[in-house]
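Peer 1: I'd like to ask you about the structure that follows.
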Amino acid sequence: MRVILYIFLAFSYLIALPASAQVPQSDLPNSPVPSEQEITSSQMPTQPDNGEPQLTYTDVSTWLDGYMPYALDRGGIVGAVIVIVKDGEILLQRGYGYSDLEKRLPVDPEDTLFRPGSVSKLFTWTAVMQLVEDGKVDLDEDINTYLDYEIPPYKGKPITMRHIMTHTAGFEEHIKGLISQTEDQIRPLGDYLKAGIPARIFEPGTMPAYSNYATGVAGYVVERVSGEPFDTYIDNHIFKPLNMDDSSFSQPLPGVLMRKMSKGYKALPGPSQPYELVNPAPAGSLAASGADMGKFMIAHLQNGMYRGERILSDETARQMHDTTFEVVPPLNMMALGFYQSDINGERVISHGGDTTLFHSDLNLFLDQNVGVYISMNSSGVEGASGNIRTALFDMFAERYFPGPGHTGAVDENIAKKHAAQIAGTYTVSRRLDKSFMSVQNLFGQIKVMAQDDGTVLVPFLTSASGKPKVWQEISPYVWKEKYGNQRLAAKVVDGDVVMWSVDAFAPTMMFHPVSASKSSTWLVPFTYFSLIVLLLTAIFWPVGKFVRWRYNSPLILEKRPALARNSVKTFSWLTLLVLAGWVTAISTQFSTFNFSASFDLIYRVLQVLTLIVFLGMLLLSLWNAWYVWTSKRRWPSKLWSIALVLASVGLVYVSTAYHLIGFNLNY
């Protein structure tokens, strides 16, 4: 039974990062020394006459110092930086914890560099819009116009830069070569992009499906159109005008910046990890200080202007911030590169970012001229960094920009009907789809459950406590979490839910009903059944031999039935060993986040063995069943032979549907 659990549960946790089980009480420091800009801000009154919190240095500093050290300690986070800008100035920049735990070096918001992860994309999109402004790139032109290789059209439709910036190019998820810890695995951007174009699974312009590969394409367009390497272009056209001297997309970092770079950690207690290298650099290779990120926020809040220098015209910046792509109203939408993250009636545009070690968020309150940036150098226990940054944004908005929440109600009977309609099993639009890695989709399908009172539960959408959020319908097919700001909404066609999402995910991904042929509702139990049958067959072969030897009771069969019987038992072992090989290889890659081509030979061998062994097992089980049913064997033997056939059919079906049987190494 332990072997069965290993084979199956490992698939369920392939993308989980290891976390420490115990977090000690720590003495994480904070950096309460204000900058020169902050000293001026701190002289403002802390609260207005009505006694409500006011966004001043003194108030926000007190609030953060009460929240962050506790949150980091409980979450096992080594260090963090927070920057808040207001009205064109840095209101507060604060470091918490350590940039180097071993050396006990505190985080310095001015000098310590963090990895913003996918927040890097905002620089790529800004660079693209600079070229759009200069007339060198057209948002609606076939992207192949700017490339030296071809991305084939999908159903006759090419992709455009607008599709890329709104994550609607239609690519499946692509992780091969995404992040590495060794420089020899980093390739020139063009070579990386040409080596493996991800499969297209949606028509361009129709479905949000977040894509790092597509962002790499955008960065490559910047290179080719400008005639400068991507990192050099960003240096010259964004970093220099904004005086971002402690920022770079270069890999490896220049020595002077590497000495300022925070170490990255999984969780306390634990050693630091190697510096992560990102192959599609435009999608996430940035390293930057908190102070520099403050300058970037100010520039966008001022529509491209920072201290008299422009990186975008006012018109271009507004186009970037305001242009939205809507799929399921009234949920948040995607602007040109920014996510919409409206809250309490405030217009907010954002971007999150995650490497395996660093976790960040950038939020711009457009009408308040306020920006908030947080980056943490650890994943934390059970992904605590995600809860911390989400809570920070929500609490900041509630404290300083309270406003009307989403309200409404529907008739209880209608609520029950709609809850029943949305209940079911779903898969996400951002997914690995055409390679063996798609097996995760079987074990990671999303359940939506209708409750007796008409509310809805989605088990994977949890609160900070780890409990599933409760969603209550406030208008037809729009639900709101009972104790929060997020909404869940569905698109319904002819009475069927065809997709749904929540505010936090809607700009970049949707959830679609799983076809009956791939539904985990029956496929997972069927696969468990198949494995149990194969495992018992394998185990009872030597056990049966021993029992018959012990009691001198040999099984007398003719030559061919005996051969069929022994072949089935041999192939049962081989099938289990091949499955164990798949689990070991895939889980090793995810646990180390090493998706390099160094695993290609292993996967090729597994693909060949899967084809031979699984199909062999099916044919042999049919052969064995024929002899069992045409001879005078007992009913238990006959029933077990049928169980073996069903088990073999089940594994061949799953392996074909999820591409374990196949020869695609582009994942």
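Ordering of the structure tokens sets the chain letters (A, B, ...), residue numbers begin anew at 1 in every chain, and ligands are numbered from 1 in the order given.
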Out of segment 47-267 of chain A, which residues get helix (DSSP H, G or I) from DSSP, as a ChimeraX atom specification?
Peer 2: /A:57-75,117-133,143-146,161-165,183-185,189-195,212-226,230-239,255-258
Peer 1: Run DSSP on the backbone and give me the residues of segment 84-213 of chain A it puts in strand (DSSP E or B), as a ChimeraX atom specification.
Peer 2: /A:84-86,89-100,105-106,113-114,142,154,157,160,171,179-180,200,209
Peer 1: Please report the interatomic distance between atom CA of Phe325 of chain A and atom CA of Ala506 of chain A in Å with one decimal.
Peer 2: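 These two atoms are separated by 10.2 Å.
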Peer 1: For a test of reading the model, state the distance in Å between atom CA of Val497 of chain A and atom CA of Gly454 of chain A, rounded to one decimal.
Peer 2: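 Between atom CA of Val497 of chain A and atom CA of Gly454 of chain A the gap is 16.2 Å.
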Peer 1: Can you tell me which residues surround Leu646 of chain A at a distance of at most 10 Å, considering only C-alpha atoms, apart from same-chain residues fewer than 3 positions away, and format the answer as a PyMOL selection string?
Peer 2: chain A and resi 526+529-530+533+618+621-622+640-643+649-652
Peer 1: Filtering to C-alpha atoms, could you give me those residues as a PDB file, in the first residue's frame?
Peer 2:
```
ATOM      1  CA  PHE A 526     -10.004   3.939 -11.843  1.00  0.00           C
ATOM      2  CA  PHE A 529      -7.970   0.480  -8.881  1.00  0.00           C
ATOM      3  CA  SER A 530      -5.519  -0.329 -11.680  1.00  0.00           C
ATOM      4  CA  VAL A 533      -4.660  -4.767  -8.999  1.00  0.00           C
ATOM      5  CA  LEU A 618      -2.510  -5.028 -21.991  1.00  0.00           C
ATOM      6  CA  SER A 621      -3.519  -9.642 -19.742  1.00  0.00           C
ATOM      7  CA  LEU A 622      -5.882 -10.368 -22.650  1.00  0.00           C
ATOM      8  CA  TRP A 640      -8.957 -11.569 -11.301  1.00  0.00           C
ATOM      9  CA  SER A 641      -8.013 -12.062 -14.941  1.00  0.00           C
ATOM     10  CA  ILE A 642     -10.771  -9.595 -15.904  1.00  0.00           C
ATOM     11  CA  ALA A 643      -9.532  -7.179 -13.239  1.00  0.00           C
ATOM     12  CA  VAL A 649      -6.827  -0.754 -20.126  1.00  0.00           C
ATOM     13  CA  GLY A 650      -6.987   1.945 -17.445  1.00  0.00           C
ATOM     14  CA  LEU A 651      -3.248   2.609 -17.425  1.00  0.00           C
ATOM     15  CA  VAL A 652      -2.986   2.621 -21.221  1.00  0.00           C
TER      16      VAL A 652
END
```
Peer 1: Set out as JSON lines a contact list for segment 232-343 of chain A and segment 500-505 of chain A with a cut-off of 8 Å, giving each residue of segment 232-343 of chain A that qualifies its closest atom pair and distance in Å to one decimal, counting only C-alpha atoms, ordered by chain and rising residue number.
Peer 2:
```
{"residue": "A:Val328", "atom": "CA", "partner": "A:Trp500", "partner_atom": "CA", "distance": 7.2}
{"residue": "A:Leu331", "atom": "CA", "partner": "A:Asp503", "partner_atom": "CA", "distance": 5.2}
{"residue": "A:Asn332", "atom": "CA", "partner": "A:Asp503", "partner_atom": "CA", "distance": 5.1}
{"residue": "A:Ser341", "atom": "CA", "partner": "A:Ala504", "partner_atom": "CA", "distance": 7.2}
```
Peer 1: Pull C-alpha atoms from the residues just selected and write them as a PDB file, in the first residue's frame.
Peer 2:
```pdb
ATOM      1  CA  VAL A 328     -15.945  37.244 -17.555  1.00  0.00           C
ATOM      2  CA  LEU A 331     -14.189  40.414 -12.683  1.00  0.00           C
ATOM      3  CA  ASN A 332     -10.871  42.233 -12.891  1.00  0.00           C
ATOM      4  CA  SER A 341      -6.751  44.734  -9.095  1.00  0.00           C
TER       5      SER A 341
END
```
Peer 1: So how many Å separate atom CA of Leu392 of chain A and atom CA of Asn303 of chain A, to one decimal?
Peer 2: 25.0 Å
